[in-house]
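Student: Structure file entry.cif (mmCIF, C-alpha atoms and all ligand atoms) is given on the next line.
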data_structure
#
loop_
_atom_site.label_atom_id
_atom_site.label_comp_id
_atom_site.auth_asym_id
_atom_site.auth_seq_id
_atom_site.Cartn_x
_atom_site.Cartn_y
_atom_site.Cartn_z
CA MET A 22 125.68 -90.22 30.53
CA GLY A 23 124.94 -91.68 34.03
CA VAL A 24 121.51 -92.81 32.82
CA TYR A 25 123.12 -94.28 29.70
CA LEU A 26 125.71 -96.17 31.76
CA GLY A 27 123.01 -97.48 34.14
CA LEU A 28 120.99 -98.72 31.19
CA LEU A 29 124.05 -100.42 29.69
CA LEU A 30 124.80 -102.10 33.03
CA TRP A 31 121.22 -103.26 33.37
CA ARG A 32 121.21 -104.67 29.81
CA THR A 33 124.49 -106.49 30.46
CA LYS A 34 123.03 -108.00 33.66
CA CYS A 35 120.00 -109.16 31.68
CA LEU A 36 122.24 -110.71 29.02
CA VAL A 37 124.36 -112.56 31.61
CA LEU A 38 121.20 -113.77 33.35
CA CYS A 39 119.79 -114.97 30.02
CA ILE A 40 123.02 -116.83 29.15
CA PHE A 41 123.08 -118.35 32.63
CA MET A 42 119.45 -119.54 32.39
CA THR A 43 120.00 -120.98 28.91
CA PHE A 44 123.05 -122.80 30.23
CA MET A 45 121.10 -124.17 33.22
CA LEU A 46 118.23 -125.30 31.00
CA GLY A 47 120.73 -127.01 28.68
CA CYS A 48 122.30 -128.78 31.64
CA PHE A 49 118.90 -129.90 32.91
CA ILE A 50 117.93 -131.37 29.50
CA ALA A 51 121.30 -133.06 29.12
CA LEU A 52 121.13 -134.72 32.54
CA THR A 53 117.52 -135.91 32.34
CA PRO A 54 117.54 -139.73 31.67
CA ILE A 55 116.36 -140.69 28.20
CA THR A 56 113.19 -142.75 28.15
CA SER A 57 112.67 -144.52 24.89
CA ASP A 58 109.47 -145.65 23.24
CA VAL A 59 111.22 -148.87 22.21
CA CYS A 60 112.09 -149.94 25.74
CA ASP A 61 111.67 -153.50 26.96
CA CYS A 62 107.94 -152.92 27.46
CA ALA A 63 107.13 -154.96 24.38
CA ASP A 64 109.25 -157.86 25.67
CA LYS A 65 107.66 -157.64 29.07
CA GLN A 66 104.24 -157.67 27.55
CA SER A 67 104.94 -160.68 25.35
CA SER A 68 106.37 -162.71 28.22
CA ASP A 69 103.36 -161.80 30.39
CA LEU A 70 101.17 -162.79 27.50
CA LYS A 71 103.07 -166.06 27.09
CA GLU A 72 102.58 -166.95 30.74
CA ARG A 73 98.93 -166.05 30.56
CA LYS A 74 98.42 -168.11 27.41
CA THR A 75 100.13 -171.14 28.90
CA GLU A 76 97.92 -170.80 31.95
CA GLU A 77 94.88 -170.57 29.66
CA GLN A 78 95.84 -173.89 28.05
CA THR A 79 95.23 -175.68 31.33
CA TYR A 80 91.78 -177.00 32.10
CA HIS A 81 91.09 -176.38 35.81
CA THR A 82 88.53 -178.25 37.83
CA GLU A 83 87.25 -178.22 41.36
CA GLY A 84 86.76 -181.09 43.75
CA ASP A 85 88.78 -184.22 44.44
CA GLU A 86 90.80 -184.41 41.24
CA ALA A 87 91.49 -180.68 41.32
CA LYS A 88 94.52 -181.08 43.53
CA HIS A 89 96.29 -183.10 40.84
CA LYS A 90 97.44 -182.00 37.42
CA LEU A 91 97.81 -184.31 34.45
CA ALA A 92 100.16 -183.55 31.55
CA VAL A 93 99.10 -185.54 28.50
CA LEU A 94 102.38 -186.15 26.63
CA VAL A 95 101.84 -187.05 22.99
CA PRO A 96 104.91 -188.15 20.99
CA PHE A 97 104.28 -186.84 17.52
CA ARG A 98 105.47 -186.51 13.95
CA ASP A 99 103.36 -186.11 10.84
CA ARG A 100 100.04 -187.33 12.31
CA PHE A 101 97.97 -184.20 11.79
CA ASP A 102 94.73 -185.96 10.81
CA GLU A 103 94.90 -188.06 13.97
CA LEU A 104 95.64 -184.99 16.12
CA LEU A 105 92.54 -183.25 14.79
CA GLU A 106 90.47 -186.12 16.21
CA PHE A 107 92.56 -186.71 19.30
CA ALA A 108 92.66 -183.25 20.91
CA PRO A 109 88.91 -182.47 21.04
CA HIS A 110 88.10 -186.06 22.00
CA MET A 111 90.59 -186.15 24.90
CA HIS A 112 89.68 -182.69 26.15
CA LYS A 113 86.03 -183.67 26.34
CA PHE A 114 86.80 -187.10 27.84
CA LEU A 115 89.02 -185.66 30.58
CA LYS A 116 86.65 -182.78 31.33
CA LYS A 117 83.90 -185.32 31.94
CA GLN A 118 86.12 -187.02 34.53
CA ASN A 119 86.90 -183.68 36.13
CA ILE A 120 90.64 -184.04 35.47
CA ASN A 121 92.88 -180.95 35.55
CA HIS A 122 94.86 -181.43 32.39
CA GLN A 123 96.94 -179.95 29.63
CA ILE A 124 97.73 -181.58 26.29
CA PHE A 125 101.33 -181.34 25.04
CA VAL A 126 102.25 -182.41 21.53
CA LEU A 127 105.93 -183.34 21.37
CA ASN A 128 106.63 -182.70 17.74
CA GLN A 129 109.92 -184.19 16.58
CA ILE A 130 111.38 -181.77 13.99
CA ASP A 131 114.93 -183.10 13.49
CA SER A 132 115.70 -185.47 10.62
CA TYR A 133 116.53 -188.57 12.68
CA ARG A 134 114.23 -191.55 12.91
CA PHE A 135 111.25 -191.17 15.22
CA ASN A 136 112.05 -191.64 18.90
CA ARG A 137 108.88 -191.95 20.97
CA ALA A 138 110.61 -192.54 24.31
CA ALA A 139 113.10 -189.66 24.01
CA LEU A 140 110.18 -187.33 23.19
CA ILE A 141 108.37 -188.44 26.35
CA ASN A 142 111.54 -187.73 28.36
CA VAL A 143 111.71 -184.26 26.82
CA GLY A 144 108.04 -183.63 27.57
CA PHE A 145 108.50 -184.67 31.17
CA ARG A 146 111.55 -182.45 31.65
CA GLU A 147 109.84 -179.47 30.08
CA VAL A 148 106.44 -179.64 31.77
CA CYS A 149 106.94 -181.33 35.14
CA PRO A 150 107.21 -180.42 38.04
CA GLU A 151 104.22 -178.22 37.09
CA CYS A 152 102.36 -181.48 36.58
CA ASP A 153 102.16 -184.23 39.17
CA TYR A 154 101.41 -187.08 36.79
CA ILE A 155 101.71 -187.75 33.09
CA ALA A 156 99.88 -189.79 30.47
CA MET A 157 102.25 -191.25 27.90
CA HIS A 158 99.66 -191.18 25.14
CA ASP A 159 99.68 -192.31 21.51
CA VAL A 160 97.94 -189.80 19.25
CA ASP A 161 96.06 -192.50 17.37
CA LEU A 162 94.45 -194.26 20.34
CA LEU A 163 91.16 -192.82 21.61
CA PRO A 164 89.52 -194.11 24.80
CA LEU A 165 85.84 -194.70 24.10
CA ASN A 166 84.58 -196.14 27.37
CA SER A 167 84.06 -193.58 30.13
CA GLN A 168 84.82 -196.31 32.70
CA LEU A 169 88.51 -195.92 31.76
CA SER A 170 89.82 -193.76 34.57
CA TYR A 171 92.52 -191.11 34.02
CA GLY A 172 92.71 -190.27 37.75
CA TYR A 173 95.93 -189.84 39.71
CA PRO A 174 97.82 -193.19 39.82
CA GLU A 175 98.56 -193.07 43.54
CA SER A 176 99.49 -196.73 43.96
CA GLY A 177 101.72 -197.11 40.88
CA PRO A 178 101.64 -196.91 37.06
CA PHE A 179 98.18 -197.39 35.60
CA HIS A 180 98.13 -198.97 32.14
CA VAL A 181 94.95 -197.68 30.50
CA ALA A 182 95.55 -199.47 27.18
CA SER A 183 95.53 -202.88 28.86
CA PRO A 184 96.39 -205.90 26.68
CA GLN A 185 92.92 -207.25 27.44
CA LEU A 186 91.41 -204.15 25.83
CA HIS A 187 93.90 -202.87 23.24
CA PRO A 188 92.66 -203.73 19.73
CA ARG A 189 96.12 -204.89 18.55
CA TYR A 190 98.48 -205.86 21.37
CA ASN A 191 97.69 -208.65 23.78
CA TYR A 192 100.85 -209.80 25.59
CA SER A 193 100.87 -209.55 29.35
CA THR A 194 103.94 -207.28 29.71
CA PHE A 195 102.59 -204.69 27.26
CA VAL A 196 102.64 -201.15 28.73
CA GLY A 197 102.41 -199.11 25.50
CA GLY A 198 99.63 -197.02 24.01
CA ILE A 199 98.43 -195.16 27.10
CA LEU A 200 100.17 -195.29 30.47
CA LEU A 201 99.56 -193.03 33.48
CA ILE A 202 102.46 -192.56 35.85
CA LYS A 203 103.07 -190.13 38.67
CA ARG A 204 106.03 -187.79 38.61
CA GLU A 205 107.95 -189.53 41.41
CA ASP A 206 107.65 -192.96 39.76
CA PHE A 207 108.82 -191.68 36.38
CA GLN A 208 111.80 -190.03 38.06
CA LYS A 209 112.52 -193.13 40.10
CA VAL A 210 113.18 -195.19 36.94
CA ASN A 211 115.00 -192.32 35.20
CA GLY A 212 112.23 -192.10 32.59
CA MET A 213 112.61 -194.06 29.37
CA SER A 214 115.59 -195.19 27.30
CA ASN A 215 116.75 -192.79 24.56
CA LYS A 216 118.21 -195.58 22.44
CA TYR A 217 115.04 -196.59 20.59
CA TRP A 218 115.02 -194.88 17.18
CA GLY A 219 112.40 -196.27 14.80
CA TRP A 220 109.41 -198.35 15.82
CA GLY A 221 109.09 -200.66 18.80
CA LEU A 222 110.53 -202.10 22.03
CA GLU A 223 110.94 -198.84 23.95
CA ASP A 224 107.76 -199.61 25.91
CA ASP A 225 108.93 -203.16 26.64
CA GLU A 226 112.22 -201.80 27.97
CA PHE A 227 110.19 -199.41 30.13
CA TYR A 228 108.26 -202.38 31.53
CA VAL A 229 111.57 -203.87 32.71
CA ARG A 230 112.45 -200.56 34.41
CA LEU A 231 109.14 -200.53 36.26
CA LYS A 232 109.55 -204.15 37.36
CA GLU A 233 113.12 -203.60 38.55
CA ALA A 234 111.97 -200.62 40.59
CA LYS A 235 109.27 -202.88 42.08
CA LEU A 236 106.49 -200.57 40.97
CA GLN A 237 103.07 -202.15 40.95
CA ILE A 238 101.40 -201.84 37.52
CA SER A 239 97.61 -201.89 37.55
CA ARG A 240 95.03 -201.93 34.78
CA PRO A 241 91.34 -201.10 34.33
CA GLN A 242 89.03 -203.60 36.02
CA ASN A 243 85.41 -204.57 35.39
CA ILE A 244 85.28 -202.90 32.00
CA THR A 245 82.11 -203.81 30.17
CA THR A 246 83.51 -203.29 26.66
CA GLY A 247 86.06 -205.48 24.87
CA LYS A 248 88.98 -205.38 22.42
CA ASN A 249 86.93 -203.94 19.59
CA ASN A 250 85.00 -201.19 21.29
CA THR A 251 87.02 -199.88 24.25
CA PHE A 252 89.42 -197.87 22.08
CA ARG A 253 89.49 -196.50 18.58
CA HIS A 254 92.89 -197.12 16.98
CA MET A 255 93.08 -194.73 14.02
CA HIS A 256 95.94 -196.48 12.29
CA ASP A 257 96.01 -197.28 8.61
CA ARG A 258 98.97 -199.67 8.30
CA VAL A 259 99.66 -198.67 4.68
CA ARG A 260 99.40 -194.92 5.10
CA ARG A 261 101.13 -194.96 8.50
CA LYS A 262 103.83 -197.52 7.90
CA ARG A 263 105.76 -198.52 11.01
CA ASP A 264 109.50 -197.92 10.72
CA MET A 265 110.78 -201.45 11.38
CA THR A 266 114.17 -200.93 9.75
CA LYS A 267 117.13 -202.20 11.75
CA CYS A 268 120.73 -201.20 11.12
CA PHE A 269 124.18 -201.39 12.74
CA ASN A 270 123.92 -203.33 16.01
CA GLN A 271 120.42 -202.01 16.79
CA ILE A 272 118.88 -205.44 17.31
CA GLN A 273 121.51 -206.64 19.78
CA VAL A 274 121.51 -203.41 21.80
CA THR A 275 117.78 -202.74 21.93
CA ARG A 276 116.86 -206.20 23.20
CA HIS A 277 118.64 -205.44 26.46
CA ARG A 278 117.70 -203.28 29.38
CA ASP A 279 119.44 -199.90 28.98
CA LEU A 280 121.27 -198.93 32.16
CA GLU A 281 122.92 -195.87 30.59
CA THR A 282 120.30 -193.47 29.27
CA GLY A 283 117.07 -191.93 30.47
CA MET A 284 115.36 -188.66 31.26
CA ASN A 285 118.56 -187.30 32.78
CA THR A 286 120.62 -187.85 29.61
CA VAL A 287 118.18 -186.93 26.84
CA SER A 288 119.87 -184.39 24.59
CA TYR A 289 117.70 -181.97 22.63
CA LYS A 290 116.87 -178.42 21.75
CA LEU A 291 113.41 -176.99 22.34
CA ALA A 292 113.08 -175.01 19.12
CA GLU A 293 109.64 -173.51 19.67
CA VAL A 294 106.54 -173.58 21.85
CA ARG A 295 103.21 -172.83 20.18
CA GLN A 296 99.75 -172.58 21.64
CA MET A 297 96.82 -173.64 19.54
CA SER A 298 93.21 -174.75 19.78
CA ILE A 299 91.59 -177.58 17.88
CA ASP A 300 87.87 -176.91 18.02
CA ASP A 301 87.61 -175.96 21.69
CA ALA A 302 90.58 -178.04 22.86
CA PRO A 303 93.70 -176.16 23.94
CA VAL A 304 96.96 -177.77 22.81
CA THR A 305 100.56 -176.80 23.51
CA VAL A 306 102.96 -177.83 20.75
CA LEU A 307 106.63 -178.26 21.61
CA ASN A 308 108.86 -178.38 18.55
CA VAL A 309 111.73 -180.61 19.60
CA LYS A 310 115.08 -181.21 17.92
CA LEU A 311 116.53 -184.41 19.30
CA HIS A 312 120.29 -184.89 19.25
CA CYS A 313 121.82 -188.24 18.39
CA ASP A 314 125.10 -189.56 19.74
CA LYS A 315 126.17 -191.58 16.70
CA LEU A 316 128.80 -193.47 18.66
CA LEU A 317 126.18 -194.74 21.07
CA THR A 318 123.21 -195.18 18.70
CA PRO A 319 124.34 -195.03 15.05
CA TRP A 320 120.92 -196.44 14.05
CA CYS A 321 119.26 -193.03 14.57
CA GLU A 322 119.88 -192.89 10.82
CA CYS A 323 119.73 -196.00 8.64
CA GLY A 324 120.84 -194.70 5.23
CA SER A 325 119.48 -196.71 2.29
CA ASN A 326 123.09 -197.47 1.18
CA ASN A 327 123.97 -198.88 4.56
CA PRO A 328 124.79 -202.60 4.07
CA SER A 329 123.69 -203.38 7.62
CA VAL A 330 120.12 -202.26 6.99
CA GLN A 331 117.47 -204.90 7.55
CA ARG A 332 113.96 -204.00 6.56
CA THR A 333 112.18 -206.51 8.73
CA ALA A 334 112.20 -206.81 12.48
CA THR A 335 113.92 -209.90 13.82
CA ALA A 336 112.38 -211.71 16.74
CA SER A 337 113.92 -210.63 20.00
CA LYS A 338 113.32 -211.00 23.70
CA LEU A 339 111.60 -207.64 23.99
CA LYS A 340 109.74 -207.86 20.71
CA LYS A 341 106.09 -206.83 20.54
CA SER A 342 103.75 -209.66 19.67
CA GLY A 343 101.19 -207.61 17.67
N1 LIG B 1 104.14 -191.53 16.11
C1 LIG B 1 104.06 -190.39 15.33
N2 LIG B 1 104.67 -190.36 14.13
C2 LIG B 1 105.35 -191.42 13.64
C3 LIG B 1 105.41 -192.60 14.42
C4 LIG B 1 104.78 -192.63 15.63
O1 LIG B 1 103.45 -189.39 15.74
O2 LIG B 1 105.88 -191.33 12.51
C5 LIG B 1 103.56 -191.52 17.46
C6 LIG B 1 102.06 -191.46 17.50
O3 LIG B 1 101.66 -190.83 18.69
C7 LIG B 1 101.72 -192.91 17.51
C8 LIG B 1 102.76 -193.46 18.46
O4 LIG B 1 103.92 -192.72 18.16
O5 LIG B 1 100.42 -193.13 17.95
C9 LIG B 1 103.03 -194.96 18.36
O6 LIG B 1 103.37 -195.30 17.05
P1 LIG B 1 102.47 -196.31 16.20
O7 LIG B 1 101.05 -195.84 16.19
O8 LIG B 1 103.12 -196.49 14.87
O9 LIG B 1 102.61 -197.65 17.03
P2 LIG B 1 101.56 -198.84 17.24
O10 LIG B 1 101.24 -198.80 18.71
O11 LIG B 1 100.33 -198.60 16.41
O12 LIG B 1 102.27 -200.05 16.85
MN MN B 2 99.16 -196.83 16.17
#
Take the structure from the file and write it as C-alpha cells.
Ligand code: UDP
Ligand code: MN

Tutor:
Amino acid sequence: MGVYLGLLLWRTKCLVLCIFMTFMLGCFIALTPITSDVCDCADKQSSDLKERKTEEQTYHTEGDEAKHKLAVLVPFRDRFDELLEFAPHMHKFLKKQNINHQIFVLNQIDSYRFNRAALINVGFREVCPECDYIAMHDVDLLPLNSQLSYGYPESGPFHVASPQLHPRYNYSTFVGGILLIKREDFQKVNGMSNKYWGWGLEDDEFYVRLKEAKLQISRPQNITTGKNNTFRHMHDRVRRKRDMTKCFNQIQVTRHRDLETGMNTVSYKLAEVRQMSIDDAPVTVLNVKLHCDKLLTPWCECGSNNPSVQRTATASKLKKSG
C-alpha cells in the first residue's frame, strides 16, 4: 500500500510538472514577438534600389568640371522621335566635355495646353539643390559644334542657342532653345512665369527677369560654324505644329512682365518618376501633372467653342520674330 501510495504521489508530481512545463512553453511562444515574412523589407529594398538607380543615372567625371553638376531639364510632351535622337547625342556630347550631368525629361501628362516654363520650374524644384546649374533645353535642338561649352556659368546665364547661331531665331533678346543658368541665378529671379500656356513668349519674359536682376547674359564666342551647321533643329512645322492659339485675355496678359508667379508658385503633382536608357544614355522621366488656376490663366484651355479663341498670334511687345 505504502509503495502504491508513493508511486501515485510520484506520478502526480510528474503530471503537475508536465502541466507546468506545457504552460511555461505556451507562455514563451505567446510572448515571443511575431516576425513576418511580409515585413517592410521589400519596401526598404525598393527604396534603396530607387536611390541606387537615381545615382546610376548620373554621369560622374573627374577633374575641373567634376565639382559641378548639371541637370539637363527638357520640357516635353509627345516628342518621342526627337527624344530618341536627343538623349544619346547629349550624353555623348557632355561626356566629351567632361560634364557631370543627368538628363531629366519633364513630361507633361495633364490635359492643359503645353507649358514649357512651368515644367522647367517643376524640374528645378524637383532636382536642385542636388544640381548646381541647369540647362533649359529644347528636345529638338542638338548642338553639333564641340566648341559650344556646357561648363558651369559662373559669371551669369550662358545662352548656348545664341541668335547668331540658332537656325530660326535671330533677335538680340532671344534666350530660348538652350540656356545654362546656375542655381542661385535661377532662384534670384524666381524661375520662370507659369502663365504661358501654349507656344511662345515665356522665354522673352524670362529675358526681362534676367535684365531686371542685372544678370549678365553671355553667349558663345569665336564659333567657326554658322546658322546652318551649329545646331540641328529637328522640327517639322507640319507634324509638330506650334500651338499659337490665343483665348480670353491671353495676349494682353502675356505681353507683360509677370510679377506674380514663378518657381515658388508653380502648382503640380509629380505623378511618377521613371528611369530609362536610350541606347547607352541614362534618362530620368518625371511625369508631371500641372495644375491651372482658371481665374488667373483661363487660357490654359482654349475650347474650340470659345468665342474668344484666335488661331493666329497677334504681334506683341514680347513676340518672337522667327
Ligand atoms: N515641346 C514639347 N511638346 C510640345 C511642344 C513643345 O515637347 O507639344 C517642347 C520641346 O522640348 C520643344 C520645346 O518645347 O523643343 C520648344 O517648343 P518648339 O520646338 O515648338 O518651339 P520652337 O523653338 O521650335 O519655336
Ligand atoms: Mn522646335

Student: Determine the nearest neighbour of A:Ser239 from the options A:Gly324, A:Gly177, A:Gly197, A:Pro150, counting only C-alpha atoms.

Tutor: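 Of the candidates, the smallest distance to A:Ser239 is held by A:Gly177.
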
Student: Show me the residues close to (103.6, -204.6, 22.8) - anything with an atom within 12 Å, counting all atoms listed in the file - and format the list as an MDAnalysis selection string.

Tutor: chainID A and resid 182:185 187:199 220:228 338:343

Student: Give me the residues near A:Arg204 as a ChimeraX atom specification, where near means some atom within 12 Å (using all atoms listed in the file) and where sequence neighbours in that chain fewer than 6 positions away do not count.

Tutor: /A:89-92,142,144-146,148-157,173-175,177-178,210-212,284

Student: Could you check the closest approach to A:Leu317 for each of A:Ala234, A:Leu201, A:Val274, A:Ala139 and tell me which residue wins, using all atoms listed in the file?

Tutor: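 Ranking A:Ala234, A:Leu201, A:Val274, A:Ala139 by distance to A:Leu317, first place goes to A:Val274.
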
Student: Which residues form the shell of 7 Å around ligand LIG 1 (chain B) when you count all atoms listed in the file, given as JSON, numbers by chain?

Tutor: {"A": [95, 96, 97, 98, 99, 100, 135, 137, 158, 159, 160, 161, 162, 197, 198, 220, 256, 261, 263]}

Student: Let me see the file: selected residues, C-alpha atoms, as a short mmCIF file (atom, residue, chain, number, x, y, z; two decimals), in the frame of the given file.

Tutor:
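The result, stored in result_30.cif:
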data_model
loop_
_atom_site.label_atom_id
_atom_site.label_comp_id
_atom_site.auth_asym_id
_atom_site.auth_seq_id
_atom_site.Cartn_x
_atom_site.Cartn_y
_atom_site.Cartn_z
CA VAL A 95 101.84 -187.05 22.99
CA PRO A 96 104.91 -188.15 20.99
CA PHE A 97 104.28 -186.84 17.52
CA ARG A 98 105.47 -186.51 13.95
CA ASP A 99 103.36 -186.11 10.84
CA ARG A 100 100.04 -187.33 12.31
CA PHE A 135 111.25 -191.17 15.22
CA ARG A 137 108.88 -191.95 20.97
CA HIS A 158 99.66 -191.18 25.14
CA ASP A 159 99.68 -192.31 21.51
CA VAL A 160 97.94 -189.80 19.25
CA ASP A 161 96.06 -192.50 17.37
CA LEU A 162 94.45 -194.26 20.34
CA GLY A 197 102.41 -199.11 25.50
CA GLY A 198 99.63 -197.02 24.01
CA TRP A 220 109.41 -198.35 15.82
CA HIS A 256 95.94 -196.48 12.29
CA ARG A 261 101.13 -194.96 8.50
CA ARG A 263 105.76 -198.52 11.01
#
